[in-house]
Structure formats: C-alpha cells, structure tokens
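Visitor: Just data-v5.pdb, nothing more (PDB, N, CA and C atoms and all ligand atoms):
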```pdb
ATOM      1  N   MET A   1      -3.490 -28.789  -6.471
ATOM      2  CA  MET A   1      -3.284 -27.478  -7.099
ATOM      3  C   MET A   1      -1.901 -26.928  -6.706
ATOM      4  N   ASP A   2      -1.255 -26.290  -7.664
ATOM      5  CA  ASP A   2       0.091 -25.797  -7.416
ATOM      6  C   ASP A   2       0.021 -24.389  -6.824
ATOM      7  N   CYS A   3      -0.392 -24.318  -5.571
ATOM      8  CA  CYS A   3      -0.545 -23.016  -4.904
ATOM      9  C   CYS A   3       0.219 -23.077  -3.590
ATOM     10  N   ILE A   4       1.183 -22.175  -3.432
ATOM     11  CA  ILE A   4       2.049 -22.197  -2.245
ATOM     12  C   ILE A   4       1.249 -22.020  -0.957
ATOM     13  N   PHE A   5       0.229 -21.167  -0.984
ATOM     14  CA  PHE A   5      -0.540 -20.938   0.248
ATOM     15  C   PHE A   5      -1.436 -22.136   0.563
ATOM     16  N   CYS A   6      -1.973 -22.810  -0.464
ATOM     17  CA  CYS A   6      -2.738 -24.043  -0.208
ATOM     18  C   CYS A   6      -1.822 -25.088   0.437
ATOM     19  N   LYS A   7      -0.576 -25.145  -0.026
ATOM     20  CA  LYS A   7       0.381 -26.108   0.546
ATOM     21  C   LYS A   7       0.687 -25.767   2.001
ATOM     22  N   ILE A   8       0.853 -24.478   2.287
ATOM     23  CA  ILE A   8       1.092 -24.046   3.671
ATOM     24  C   ILE A   8      -0.102 -24.427   4.553
ATOM     25  N   ILE A   9      -1.307 -24.156   4.062
ATOM     26  CA  ILE A   9      -2.540 -24.486   4.813
ATOM     27  C   ILE A   9      -2.615 -25.993   5.050
ATOM     28  N   ASN A  10      -2.163 -26.739   4.053
ATOM     29  CA  ASN A  10      -2.184 -28.205   4.108
ATOM     30  C   ASN A  10      -1.123 -28.775   5.056
ATOM     31  N   GLY A  11      -0.207 -27.899   5.516
ATOM     32  CA  GLY A  11       0.827 -28.320   6.448
ATOM     33  C   GLY A  11       2.078 -28.873   5.783
ATOM     34  N   ASP A  12       2.191 -28.682   4.471
ATOM     35  CA  ASP A  12       3.325 -29.262   3.727
ATOM     36  C   ASP A  12       4.683 -28.732   4.178
ATOM     37  N   PHE A  13       4.712 -27.503   4.723
ATOM     38  CA  PHE A  13       6.001 -26.897   5.093
ATOM     39  C   PHE A  13       6.138 -26.726   6.605
ATOM     40  N   ASN A  14       5.212 -27.320   7.349
ATOM     41  CA  ASN A  14       5.233 -27.174   8.809
ATOM     42  C   ASN A  14       5.310 -25.711   9.253
ATOM     43  N   THR A  15       4.648 -24.848   8.530
ATOM     44  CA  THR A  15       4.636 -23.422   8.869
ATOM     45  C   THR A  15       3.937 -23.220  10.215
ATOM     46  N   GLU A  16       4.564 -22.388  11.038
ATOM     47  CA  GLU A  16       3.935 -22.085  12.327
ATOM     48  C   GLU A  16       2.825 -21.061  12.123
ATOM     49  N   PHE A  17       1.646 -21.348  12.631
ATOM     50  CA  PHE A  17       0.529 -20.416  12.499
ATOM     51  C   PHE A  17       0.430 -19.551  13.754
ATOM     52  N   VAL A  18       0.392 -18.248  13.540
ATOM     53  CA  VAL A  18       0.172 -17.309  14.645
ATOM     54  C   VAL A  18      -1.231 -17.531  15.193
ATOM     55  N   LEU A  19      -2.133 -17.890  14.285
ATOM     56  CA  LEU A  19      -3.528 -18.103  14.650
ATOM     57  C   LEU A  19      -4.166 -18.981  13.572
ATOM     58  N   GLU A  20      -5.093 -19.807  13.990
ATOM     59  CA  GLU A  20      -5.859 -20.613  13.033
ATOM     60  C   GLU A  20      -7.293 -20.691  13.540
ATOM     61  N   ASN A  21      -8.253 -20.567  12.632
ATOM     62  CA  ASN A  21      -9.654 -20.805  12.983
ATOM     63  C   ASN A  21     -10.289 -21.644  11.861
ATOM     64  N   ASP A  22     -11.595 -21.749  11.853
ATOM     65  CA  ASP A  22     -12.251 -22.658  10.906
ATOM     66  C   ASP A  22     -12.034 -22.257   9.448
ATOM     67  N   TYR A  23     -11.798 -20.979   9.204
ATOM     68  CA  TYR A  23     -11.796 -20.506   7.814
ATOM     69  C   TYR A  23     -10.503 -19.828   7.382
ATOM     70  N   ALA A  24      -9.551 -19.647   8.297
ATOM     71  CA  ALA A  24      -8.326 -18.933   7.915
ATOM     72  C   ALA A  24      -7.135 -19.376   8.761
ATOM     73  N   VAL A  25      -5.959 -19.112   8.207
ATOM     74  CA  VAL A  25      -4.720 -19.236   8.987
ATOM     75  C   VAL A  25      -3.989 -17.894   8.909
ATOM     76  N   VAL A  26      -3.164 -17.644   9.908
ATOM     77  CA  VAL A  26      -2.336 -16.432   9.937
ATOM     78  C   VAL A  26      -0.907 -16.879  10.192
ATOM     79  N   PHE A  27       0.001 -16.431   9.321
ATOM     80  CA  PHE A  27       1.414 -16.783   9.521
ATOM     81  C   PHE A  27       2.292 -15.602   9.127
ATOM     82  N   LYS A  28       3.574 -15.676   9.522
ATOM     83  CA  LYS A  28       4.517 -14.588   9.251
ATOM     84  C   LYS A  28       4.929 -14.588   7.782
ATOM     85  N   ASP A  29       4.998 -13.389   7.204
ATOM     86  CA  ASP A  29       5.504 -13.256   5.839
ATOM     87  C   ASP A  29       6.989 -13.612   5.827
ATOM     88  N   ILE A  30       7.385 -14.384   4.814
ATOM     89  CA  ILE A  30       8.769 -14.871   4.728
ATOM     90  C   ILE A  30       9.753 -13.741   4.419
ATOM     91  N   ASN A  31       9.229 -12.641   3.844
ATOM     92  CA  ASN A  31      10.067 -11.502   3.464
ATOM     93  C   ASN A  31       9.462 -10.230   4.064
ATOM     94  N   PRO A  32       9.608 -10.086   5.395
ATOM     95  CA  PRO A  32       8.859  -9.031   6.097
ATOM     96  C   PRO A  32       9.200  -7.617   5.647
ATOM     97  N   LYS A  33       8.152  -6.802   5.462
ATOM     98  CA  LYS A  33       8.311  -5.397   5.076
ATOM     99  C   LYS A  33       8.007  -4.471   6.258
ATOM    100  N   ALA A  34       8.020  -5.027   7.458
ATOM    101  CA  ALA A  34       7.769  -4.249   8.678
ATOM    102  C   ALA A  34       8.226  -5.119   9.855
ATOM    103  N   ASP A  35       8.313  -4.494  11.041
ATOM    104  CA  ASP A  35       8.734  -5.269  12.221
ATOM    105  C   ASP A  35       7.817  -6.474  12.412
ATOM    106  N   THR A  36       6.521  -6.239  12.249
ATOM    107  CA  THR A  36       5.550  -7.345  12.240
ATOM    108  C   THR A  36       4.894  -7.370  10.871
ATOM    109  N   HIS A  37       4.964  -8.499  10.196
ATOM    110  CA  HIS A  37       4.331  -8.633   8.870
ATOM    111  C   HIS A  37       3.687 -10.017   8.815
ATOM    112  N   LEU A  38       2.358 -10.001   8.937
ATOM    113  CA  LEU A  38       1.593 -11.247   8.946
ATOM    114  C   LEU A  38       0.706 -11.323   7.711
ATOM    115  N   LEU A  39       0.331 -12.535   7.361
ATOM    116  CA  LEU A  39      -0.608 -12.757   6.261
ATOM    117  C   LEU A  39      -1.812 -13.517   6.794
ATOM    118  N   VAL A  40      -2.988 -12.994   6.507
ATOM    119  CA  VAL A  40      -4.242 -13.678   6.849
ATOM    120  C   VAL A  40      -4.741 -14.333   5.563
ATOM    121  N   VAL A  41      -4.860 -15.661   5.595
ATOM    122  CA  VAL A  41      -5.112 -16.421   4.366
ATOM    123  C   VAL A  41      -6.328 -17.326   4.554
ATOM    124  N   PRO A  42      -7.348 -17.169   3.707
ATOM    125  CA  PRO A  42      -8.511 -18.060   3.826
ATOM    126  C   PRO A  42      -8.138 -19.500   3.491
ATOM    127  N   LYS A  43      -8.743 -20.448   4.200
ATOM    128  CA  LYS A  43      -8.448 -21.864   3.917
ATOM    129  C   LYS A  43      -8.973 -22.276   2.542
ATOM    130  N   LYS A  44     -10.034 -21.612   2.129
ATOM    131  CA  LYS A  44     -10.593 -21.880   0.794
ATOM    132  C   LYS A  44      -9.744 -21.150  -0.251
ATOM    133  N   HIS A  45      -9.378 -21.838  -1.343
ATOM    134  CA  HIS A  45      -8.605 -21.174  -2.396
ATOM    135  C   HIS A  45      -9.489 -20.223  -3.189
ATOM    136  N   VAL A  46      -9.134 -18.940  -3.098
ATOM    137  CA  VAL A  46      -9.758 -17.891  -3.918
ATOM    138  C   VAL A  46      -8.579 -17.113  -4.479
ATOM    139  N   ALA A  47      -8.519 -16.944  -5.808
ATOM    140  CA  ALA A  47      -7.300 -16.407  -6.425
ATOM    141  C   ALA A  47      -7.006 -14.975  -5.993
ATOM    142  N   SER A  48      -8.033 -14.154  -5.907
ATOM    143  CA  SER A  48      -7.813 -12.765  -5.501
ATOM    144  C   SER A  48      -9.155 -12.176  -5.067
ATOM    145  N   LEU A  49      -9.116 -10.933  -4.631
ATOM    146  CA  LEU A  49     -10.366 -10.276  -4.232
ATOM    147  C   LEU A  49     -11.355 -10.234  -5.409
ATOM    148  N   ASN A  50     -10.830 -10.165  -6.625
ATOM    149  CA  ASN A  50     -11.705 -10.134  -7.810
ATOM    150  C   ASN A  50     -12.561 -11.390  -7.935
ATOM    151  N   GLU A  51     -12.067 -12.504  -7.438
ATOM    152  CA  GLU A  51     -12.793 -13.775  -7.554
ATOM    153  C   GLU A  51     -13.665 -14.051  -6.322
ATOM    154  N   LEU A  52     -13.563 -13.218  -5.299
ATOM    155  CA  LEU A  52     -14.304 -13.473  -4.059
ATOM    156  C   LEU A  52     -15.755 -13.006  -4.198
ATOM    157  N   ASP A  53     -16.694 -13.920  -3.899
ATOM    158  CA  ASP A  53     -18.111 -13.527  -3.956
ATOM    159  C   ASP A  53     -18.810 -13.821  -2.628
ATOM    160  N   ASP A  54     -18.023 -13.950  -1.577
ATOM    161  CA  ASP A  54     -18.560 -14.359  -0.277
ATOM    162  C   ASP A  54     -18.285 -13.250   0.745
ATOM    163  N   GLU A  55     -19.269 -12.367   0.917
ATOM    164  CA  GLU A  55     -19.041 -11.223   1.808
ATOM    165  C   GLU A  55     -18.941 -11.659   3.270
ATOM    166  N   ILE A  56     -19.540 -12.798   3.578
ATOM    167  CA  ILE A  56     -19.438 -13.311   4.952
ATOM    168  C   ILE A  56     -17.977 -13.686   5.237
ATOM    169  N   LEU A  57     -17.365 -14.377   4.269
ATOM    170  CA  LEU A  57     -15.958 -14.767   4.438
ATOM    171  C   LEU A  57     -15.075 -13.526   4.560
ATOM    172  N   LEU A  58     -15.332 -12.511   3.743
ATOM    173  CA  LEU A  58     -14.524 -11.282   3.812
ATOM    174  C   LEU A  58     -14.622 -10.658   5.208
ATOM    175  N   GLY A  59     -15.829 -10.632   5.751
ATOM    176  CA  GLY A  59     -16.013 -10.112   7.106
ATOM    177  C   GLY A  59     -15.265 -10.950   8.132
ATOM    178  N   LYS A  60     -15.336 -12.271   7.958
ATOM    179  CA  LYS A  60     -14.637 -13.163   8.897
ATOM    180  C   LYS A  60     -13.124 -12.977   8.810
ATOM    181  N   LEU A  61     -12.625 -12.732   7.593
ATOM    182  CA  LEU A  61     -11.181 -12.511   7.439
ATOM    183  C   LEU A  61     -10.767 -11.225   8.154
ATOM    184  N   MET A  62     -11.587 -10.185   8.059
ATOM    185  CA  MET A  62     -11.250  -8.940   8.753
ATOM    186  C   MET A  62     -11.322  -9.122  10.267
ATOM    187  N   MET A  63     -12.262  -9.920  10.734
ATOM    188  CA  MET A  63     -12.312 -10.215  12.170
ATOM    189  C   MET A  63     -11.088 -11.038  12.593
ATOM    190  N   THR A  64     -10.588 -11.865  11.674
ATOM    191  CA  THR A  64      -9.369 -12.633  11.959
ATOM    192  C   THR A  64      -8.172 -11.693  12.073
ATOM    193  N   VAL A  65      -8.153 -10.635  11.238
ATOM    194  CA  VAL A  65      -7.114  -9.603  11.385
ATOM    195  C   VAL A  65      -7.143  -9.076  12.822
ATOM    196  N   LYS A  66      -8.327  -8.724  13.309
ATOM    197  CA  LYS A  66      -8.448  -8.167  14.660
ATOM    198  C   LYS A  66      -7.971  -9.167  15.714
ATOM    199  N   ASP A  67      -8.349 -10.418  15.542
ATOM    200  CA  ASP A  67      -7.918 -11.437  16.510
ATOM    201  C   ASP A  67      -6.391 -11.577  16.514
ATOM    202  N   ALA A  68      -5.796 -11.552  15.308
ATOM    203  CA  ALA A  68      -4.343 -11.744  15.197
ATOM    204  C   ALA A  68      -3.584 -10.575  15.825
ATOM    205  N   VAL A  69      -4.020  -9.338  15.530
ATOM    206  CA  VAL A  69      -3.287  -8.190  16.093
ATOM    207  C   VAL A  69      -3.456  -8.118  17.612
ATOM    208  N   LYS A  70      -4.632  -8.507  18.066
ATOM    209  CA  LYS A  70      -4.852  -8.528  19.516
ATOM    210  C   LYS A  70      -3.901  -9.532  20.170
ATOM    211  N   LYS A  71      -3.802 -10.697  19.538
ATOM    212  CA  LYS A  71      -2.925 -11.740  20.064
ATOM    213  C   LYS A  71      -1.468 -11.274  20.101
ATOM    214  N   CYS A  72      -1.099 -10.432  19.129
ATOM    215  CA  CYS A  72       0.277  -9.921  19.055
ATOM    216  C   CYS A  72       0.466  -8.639  19.865
ATOM    217  N   GLY A  73      -0.594  -8.157  20.506
ATOM    218  CA  GLY A  73      -0.481  -6.955  21.339
ATOM    219  C   GLY A  73      -0.355  -5.671  20.535
ATOM    220  N   LEU A  74      -0.891  -5.663  19.321
ATOM    221  CA  LEU A  74      -0.794  -4.482  18.458
ATOM    222  C   LEU A  74      -2.137  -3.771  18.394
ATOM    223  N   ASN A  75      -2.100  -2.429  18.394
ATOM    224  CA  ASN A  75      -3.357  -1.736  18.086
ATOM    225  C   ASN A  75      -3.176  -0.660  17.031
ATOM    226  N   SER A  76      -1.980  -0.605  16.426
ATOM    227  CA  SER A  76      -1.740   0.313  15.313
ATOM    228  C   SER A  76      -1.073  -0.489  14.204
ATOM    229  N   TYR A  77      -1.730  -0.585  13.093
ATOM    230  CA  TYR A  77      -1.251  -1.471  12.027
ATOM    231  C   TYR A  77      -1.914  -1.093  10.712
ATOM    232  N   ARG A  78      -1.323  -1.574   9.614
ATOM    233  CA  ARG A  78      -1.870  -1.325   8.275
ATOM    234  C   ARG A  78      -2.293  -2.653   7.666
ATOM    235  N   THR A  79      -3.435  -2.651   6.976
ATOM    236  CA  THR A  79      -3.852  -3.845   6.245
ATOM    237  C   THR A  79      -3.789  -3.536   4.747
ATOM    238  N   VAL A  80      -3.308  -4.514   3.986
ATOM    239  CA  VAL A  80      -3.140  -4.330   2.534
ATOM    240  C   VAL A  80      -3.618  -5.588   1.822
ATOM    241  N   ILE A  81      -4.384  -5.400   0.755
ATOM    242  CA  ILE A  81      -4.726  -6.506  -0.146
ATOM    243  C   ILE A  81      -4.270  -6.099  -1.547
ATOM    244  N   ASN A  82      -3.260  -6.778  -2.067
ATOM    245  CA  ASN A  82      -2.825  -6.544  -3.441
ATOM    246  C   ASN A  82      -3.700  -7.392  -4.362
ATOM    247  N   THR A  83      -4.253  -6.764  -5.376
ATOM    248  CA  THR A  83      -5.125  -7.483  -6.307
ATOM    249  C   THR A  83      -4.644  -7.264  -7.724
ATOM    250  N   GLY A  84      -4.141  -8.341  -8.344
ATOM    251  CA  GLY A  84      -3.653  -8.267  -9.722
ATOM    252  C   GLY A  84      -2.156  -8.002  -9.787
ATOM    253  N   LYS A  85      -1.557  -8.559 -10.825
ATOM    254  CA  LYS A  85      -0.088  -8.462 -11.032
ATOM    255  C   LYS A  85       0.412  -7.025 -10.975
ATOM    256  N   GLU A  86      -0.284  -6.131 -11.676
ATOM    257  CA  GLU A  86       0.202  -4.748 -11.775
ATOM    258  C   GLU A  86       0.151  -4.023 -10.434
ATOM    259  N   ALA A  87      -0.652  -4.522  -9.526
ATOM    260  CA  ALA A  87      -0.715  -3.939  -8.177
ATOM    261  C   ALA A  87       0.265  -4.627  -7.231
ATOM    262  N   GLY A  88       1.029  -5.595  -7.755
ATOM    263  CA  GLY A  88       2.043  -6.244  -6.922
ATOM    264  C   GLY A  88       1.639  -7.586  -6.358
ATOM    265  N   GLN A  89       0.487  -8.125  -6.785
ATOM    266  CA  GLN A  89       0.116  -9.457  -6.266
ATOM    267  C   GLN A  89       1.039 -10.515  -6.875
ATOM    268  N   GLU A  90       1.677 -11.258  -5.998
ATOM    269  CA  GLU A  90       2.612 -12.310  -6.431
ATOM    270  C   GLU A  90       2.036 -13.696  -6.198
ATOM    271  N   VAL A  91       1.265 -13.832  -5.132
ATOM    272  CA  VAL A  91       0.665 -15.136  -4.797
ATOM    273  C   VAL A  91      -0.836 -15.039  -5.057
ATOM    274  N   PHE A  92      -1.299 -15.860  -6.003
ATOM    275  CA  PHE A  92      -2.703 -15.771  -6.409
ATOM    276  C   PHE A  92      -3.587 -16.699  -5.577
ATOM    277  N   HIS A  93      -3.530 -16.447  -4.280
ATOM    278  CA  HIS A  93      -4.436 -17.006  -3.282
ATOM    279  C   HIS A  93      -4.680 -15.827  -2.343
ATOM    280  N   LEU A  94      -5.909 -15.370  -2.312
ATOM    281  CA  LEU A  94      -6.266 -14.169  -1.545
ATOM    282  C   LEU A  94      -5.597 -14.133  -0.167
ATOM    283  N   HIS A  95      -5.070 -12.977   0.183
ATOM    284  CA  HIS A  95      -4.477 -12.804   1.512
ATOM    285  C   HIS A  95      -4.508 -11.337   1.896
ATOM    286  N   ILE A  96      -4.581 -11.119   3.196
ATOM    287  CA  ILE A  96      -4.542  -9.764   3.748
ATOM    288  C   ILE A  96      -3.230  -9.605   4.488
ATOM    289  N   HIS A  97      -2.432  -8.616   4.063
ATOM    290  CA  HIS A  97      -1.197  -8.300   4.787
ATOM    291  C   HIS A  97      -1.554  -7.492   6.029
ATOM    292  N   ILE A  98      -0.879  -7.803   7.134
ATOM    293  CA  ILE A  98      -0.930  -6.965   8.343
ATOM    294  C   ILE A  98       0.494  -6.476   8.579
ATOM    295  N   LEU A  99       0.659  -5.152   8.634
ATOM    296  CA  LEU A  99       1.989  -4.569   8.824
ATOM    297  C   LEU A  99       1.971  -3.631  10.021
ATOM    298  N   ALA A 100       3.002  -3.745  10.837
ATOM    299  CA  ALA A 100       3.095  -2.860  12.007
ATOM    300  C   ALA A 100       4.558  -2.594  12.343
ATOM    301  N   GLY A 101       4.877  -1.357  12.642
ATOM    302  CA  GLY A 101       6.232  -0.975  13.060
ATOM    303  C   GLY A 101       7.198  -0.864  11.901
ATOM    304  N   ASN A 102       7.745   0.333  11.644
ATOM    305  CA  ASN A 102       8.726   0.536  10.560
ATOM    306  C   ASN A 102       8.252  -0.055   9.232
ATOM    307  N   ILE A 103       7.079   0.346   8.837
ATOM    308  CA  ILE A 103       6.478  -0.224   7.616
ATOM    309  C   ILE A 103       7.211   0.288   6.374
ATOM    310  N   LYS A 104       7.651  -0.649   5.541
ATOM    311  CA  LYS A 104       8.363  -0.299   4.302
ATOM    312  C   LYS A 104       7.547  -0.752   3.089
ATOM    313  N   LEU A 105       6.277  -0.515   3.137
ATOM    314  CA  LEU A 105       5.390  -0.933   2.033
ATOM    315  C   LEU A 105       4.312   0.116   1.843
TER     316      LEU A 105
HETATM  317  P1  LIG B 201       1.478 -10.421  -2.580
HETATM  318  O1  LIG B 201       2.595  -9.692  -3.285
HETATM  319  O2  LIG B 201       0.418  -9.500  -2.036
HETATM  320  O3  LIG B 201       0.929 -11.533  -3.436
HETATM  321  O4  LIG B 201       2.119 -11.048  -1.293
HETATM  322  C1  LIG B 201       2.662 -12.314  -1.246
HETATM  323  C2  LIG B 201       3.486 -12.369  -0.006
HETATM  324  O5  LIG B 201       3.698 -13.723   0.321
HETATM  325  C3  LIG B 201       4.858 -11.709  -0.141
HETATM  326  O6  LIG B 201       4.972 -10.666   0.824
HETATM  327  C4  LIG B 201       5.835 -12.863   0.135
HETATM  328  O7  LIG B 201       6.956 -12.449   0.883
HETATM  329  C5  LIG B 201       4.966 -13.839   0.893
HETATM  330  N1  LIG B 201       5.348 -15.234   0.775
HETATM  331  C6  LIG B 201       5.629 -15.932  -0.351
HETATM  332  N2  LIG B 201       5.926 -17.215  -0.067
HETATM  333  C7  LIG B 201       5.809 -17.337   1.277
HETATM  334  C8  LIG B 201       5.993 -18.406   2.192
HETATM  335  N3  LIG B 201       6.363 -19.627   1.787
HETATM  336  N4  LIG B 201       5.793 -18.189   3.507
HETATM  337  C9  LIG B 201       5.454 -16.947   3.941
HETATM  338  N5  LIG B 201       5.249 -15.890   3.126
HETATM  339  C10 LIG B 201       5.439 -16.074   1.818
HETATM  340 ZN    ZN B 202      -4.399 -21.651  -2.853
END
```
Mind turning this structure into structure tokens?
Guide:
Amino acid sequence: MDCIFCKIINGDFNTEFVLENDYAVVFKDINPKADTHLLVVPKKHVASLNELDDEILLGKLMMTVKDAVKKCGLNSYRTVINTGKEAGQEVFHLHIHILAGNIKL
C-alpha cells in the first residue's frame, strides 16, 4: 500500500521511534509545529478516525500518548486528530498529534 506511515512503521526510512509497543509507534513530526511535536500512529492501517471501529485500540492509542509524554518528561501538552481533508488531514493513516511548548497549531 502506498502509505507513508505504513512505510515508516515497516522501517523503510529507518525512522527513530520515541516509543514502540505492540499496536503503535511514536515518532517526531518532520515539520514540527511546536518545540515537541510527536505523532502516535497505530501499526494497523486505518485511514482516519471515521474508519476506526475499534474502541479498544483508540483507548490504547491514548494510553500510548501518556506513555510518550511521560518518557519525554512532559505533563502539559495538546493532542490533535485531524479528520478529513477540509480539517487539514494530509496523511490518511490515523494519527494523534502531541504538541508541547510554543504551539503553533
Ligand atoms: P495531518 O495533517 O494531521 O495528516 O498530519 C500529518 C503530519 O505528518 C504533518 O504534520 C506532517 O508534517 C507529518 N509528516 C508527513 N510525512 C512525515 C514523515 N515522513 N515523517 C514524519 N512526519 C511526517
Ligand atoms: Zn498506512
């Protein structure tokens, strides 16, 4: 599948993961909109929140947010999920943005 995040998960670009568990990876956004800008990405390809029907996975992704910010020593941060082109979604593989410090989004 021609999906940039699936390729990253697959290791095609040797992307460094801030955190990885059984169901998600966390890596730095290539075009950061804050001092810290991470993406939490499920290993399973789901195009957007509209296509997600697994509430367990959604809960696990939010717990992964908590694990990632803890690992980075952050306790004040914003989470964002863009859903659909008009809302600014550019990559159609579900992801949760984590933004902290000088947020420009
Ligand atoms: P969204 O607009 O919510 O779909 O967010 C997609 C995000 O993915 C943007 O903030 C991009 O900067 C980021 N992005 C795109 N390609 C890469 C990449 N190869 N590595 C890291 N982040 C990326
Ligand atoms: Zn994908």
Visitor: Where does DSSP see helix (DSSP H, G or I) in chain A, if you list the residues as a VMD selection string?
Guide: chain A and resid 4 to 9 49 to 51 55 to 71 85 to 87
Visitor: Selected residues, N, CA and C atoms, written as a PDB file, in the frame of the given file, please.
Guide:
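Result file is result25.pdb:
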```
ATOM      1  N   ILE A   4       1.183 -22.175  -3.432  1.00  0.00           N
ATOM      2  CA  ILE A   4       2.049 -22.197  -2.245  1.00  0.00           C
ATOM      3  C   ILE A   4       1.249 -22.020  -0.957  1.00  0.00           C
ATOM      4  N   PHE A   5       0.229 -21.167  -0.984  1.00  0.00           N
ATOM      5  CA  PHE A   5      -0.540 -20.938   0.248  1.00  0.00           C
ATOM      6  C   PHE A   5      -1.436 -22.136   0.563  1.00  0.00           C
ATOM      7  N   CYS A   6      -1.973 -22.810  -0.464  1.00  0.00           N
ATOM      8  CA  CYS A   6      -2.738 -24.043  -0.208  1.00  0.00           C
ATOM      9  C   CYS A   6      -1.822 -25.088   0.437  1.00  0.00           C
ATOM     10  N   LYS A   7      -0.576 -25.145  -0.026  1.00  0.00           N
ATOM     11  CA  LYS A   7       0.381 -26.108   0.546  1.00  0.00           C
ATOM     12  C   LYS A   7       0.687 -25.767   2.001  1.00  0.00           C
ATOM     13  N   ILE A   8       0.853 -24.478   2.287  1.00  0.00           N
ATOM     14  CA  ILE A   8       1.092 -24.046   3.671  1.00  0.00           C
ATOM     15  C   ILE A   8      -0.102 -24.427   4.553  1.00  0.00           C
ATOM     16  N   ILE A   9      -1.307 -24.156   4.062  1.00  0.00           N
ATOM     17  CA  ILE A   9      -2.540 -24.486   4.813  1.00  0.00           C
ATOM     18  C   ILE A   9      -2.615 -25.993   5.050  1.00  0.00           C
ATOM     19  N   LEU A  49      -9.116 -10.933  -4.631  1.00  0.00           N
ATOM     20  CA  LEU A  49     -10.366 -10.276  -4.232  1.00  0.00           C
ATOM     21  C   LEU A  49     -11.355 -10.234  -5.409  1.00  0.00           C
ATOM     22  N   ASN A  50     -10.830 -10.165  -6.625  1.00  0.00           N
ATOM     23  CA  ASN A  50     -11.705 -10.134  -7.810  1.00  0.00           C
ATOM     24  C   ASN A  50     -12.561 -11.390  -7.935  1.00  0.00           C
ATOM     25  N   GLU A  51     -12.067 -12.504  -7.438  1.00  0.00           N
ATOM     26  CA  GLU A  51     -12.793 -13.775  -7.554  1.00  0.00           C
ATOM     27  C   GLU A  51     -13.665 -14.051  -6.322  1.00  0.00           C
ATOM     28  N   GLU A  55     -19.269 -12.367   0.917  1.00  0.00           N
ATOM     29  CA  GLU A  55     -19.041 -11.223   1.808  1.00  0.00           C
ATOM     30  C   GLU A  55     -18.941 -11.659   3.270  1.00  0.00           C
ATOM     31  N   ILE A  56     -19.540 -12.798   3.578  1.00  0.00           N
ATOM     32  CA  ILE A  56     -19.438 -13.311   4.952  1.00  0.00           C
ATOM     33  C   ILE A  56     -17.977 -13.686   5.237  1.00  0.00           C
ATOM     34  N   LEU A  57     -17.365 -14.377   4.269  1.00  0.00           N
ATOM     35  CA  LEU A  57     -15.958 -14.767   4.438  1.00  0.00           C
ATOM     36  C   LEU A  57     -15.075 -13.526   4.560  1.00  0.00           C
ATOM     37  N   LEU A  58     -15.332 -12.511   3.743  1.00  0.00           N
ATOM     38  CA  LEU A  58     -14.524 -11.282   3.812  1.00  0.00           C
ATOM     39  C   LEU A  58     -14.622 -10.658   5.208  1.00  0.00           C
ATOM     40  N   GLY A  59     -15.829 -10.632   5.751  1.00  0.00           N
ATOM     41  CA  GLY A  59     -16.013 -10.112   7.106  1.00  0.00           C
ATOM     42  C   GLY A  59     -15.265 -10.950   8.132  1.00  0.00           C
ATOM     43  N   LYS A  60     -15.336 -12.271   7.958  1.00  0.00           N
ATOM     44  CA  LYS A  60     -14.637 -13.163   8.897  1.00  0.00           C
ATOM     45  C   LYS A  60     -13.124 -12.977   8.810  1.00  0.00           C
ATOM     46  N   LEU A  61     -12.625 -12.732   7.593  1.00  0.00           N
ATOM     47  CA  LEU A  61     -11.181 -12.511   7.439  1.00  0.00           C
ATOM     48  C   LEU A  61     -10.767 -11.225   8.154  1.00  0.00           C
ATOM     49  N   MET A  62     -11.587 -10.185   8.059  1.00  0.00           N
ATOM     50  CA  MET A  62     -11.250  -8.940   8.753  1.00  0.00           C
ATOM     51  C   MET A  62     -11.322  -9.122  10.267  1.00  0.00           C
ATOM     52  N   MET A  63     -12.262  -9.920  10.734  1.00  0.00           N
ATOM     53  CA  MET A  63     -12.312 -10.215  12.170  1.00  0.00           C
ATOM     54  C   MET A  63     -11.088 -11.038  12.593  1.00  0.00           C
ATOM     55  N   THR A  64     -10.588 -11.865  11.674  1.00  0.00           N
ATOM     56  CA  THR A  64      -9.369 -12.633  11.959  1.00  0.00           C
ATOM     57  C   THR A  64      -8.172 -11.693  12.073  1.00  0.00           C
ATOM     58  N   VAL A  65      -8.153 -10.635  11.238  1.00  0.00           N
ATOM     59  CA  VAL A  65      -7.114  -9.603  11.385  1.00  0.00           C
ATOM     60  C   VAL A  65      -7.143  -9.076  12.822  1.00  0.00           C
ATOM     61  N   LYS A  66      -8.327  -8.724  13.309  1.00  0.00           N
ATOM     62  CA  LYS A  66      -8.448  -8.167  14.660  1.00  0.00           C
ATOM     63  C   LYS A  66      -7.971  -9.167  15.714  1.00  0.00           C
ATOM     64  N   ASP A  67      -8.349 -10.418  15.542  1.00  0.00           N
ATOM     65  CA  ASP A  67      -7.918 -11.437  16.510  1.00  0.00           C
ATOM     66  C   ASP A  67      -6.391 -11.577  16.514  1.00  0.00           C
ATOM     67  N   ALA A  68      -5.796 -11.552  15.308  1.00  0.00           N
ATOM     68  CA  ALA A  68      -4.343 -11.744  15.197  1.00  0.00           C
ATOM     69  C   ALA A  68      -3.584 -10.575  15.825  1.00  0.00           C
ATOM     70  N   VAL A  69      -4.020  -9.338  15.530  1.00  0.00           N
ATOM     71  CA  VAL A  69      -3.287  -8.190  16.093  1.00  0.00           C
ATOM     72  C   VAL A  69      -3.456  -8.118  17.612  1.00  0.00           C
ATOM     73  N   LYS A  70      -4.632  -8.507  18.066  1.00  0.00           N
ATOM     74  CA  LYS A  70      -4.852  -8.528  19.516  1.00  0.00           C
ATOM     75  C   LYS A  70      -3.901  -9.532  20.170  1.00  0.00           C
ATOM     76  N   LYS A  71      -3.802 -10.697  19.538  1.00  0.00           N
ATOM     77  CA  LYS A  71      -2.925 -11.740  20.064  1.00  0.00           C
ATOM     78  C   LYS A  71      -1.468 -11.274  20.101  1.00  0.00           C
ATOM     79  N   LYS A  85      -1.557  -8.559 -10.825  1.00  0.00           N
ATOM     80  CA  LYS A  85      -0.088  -8.462 -11.032  1.00  0.00           C
ATOM     81  C   LYS A  85       0.412  -7.025 -10.975  1.00  0.00           C
ATOM     82  N   GLU A  86      -0.284  -6.131 -11.676  1.00  0.00           N
ATOM     83  CA  GLU A  86       0.202  -4.748 -11.775  1.00  0.00           C
ATOM     84  C   GLU A  86       0.151  -4.023 -10.434  1.00  0.00           C
ATOM     85  N   ALA A  87      -0.652  -4.522  -9.526  1.00  0.00           N
ATOM     86  CA  ALA A  87      -0.715  -3.939  -8.177  1.00  0.00           C
ATOM     87  C   ALA A  87       0.265  -4.627  -7.231  1.00  0.00           C
TER      88      ALA A  87
END
```
Visitor: Tell me, in Å to one decimal, how far CA of Glu16 (chain A) is from CA of Cys72 (chain A).
Guide: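 Rounded to one decimal, the two atoms are 14.4 Å apart.
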Visitor: Extract, using all atoms listed in the file, all DNA, RNA and protein residues at most 7 Å from Val41 (chain A), discarding same-chain residues fewer than 3 positions from it, and format them as a PyMOL selection string.
Guide: chain A and resi 23-27+44+93-96
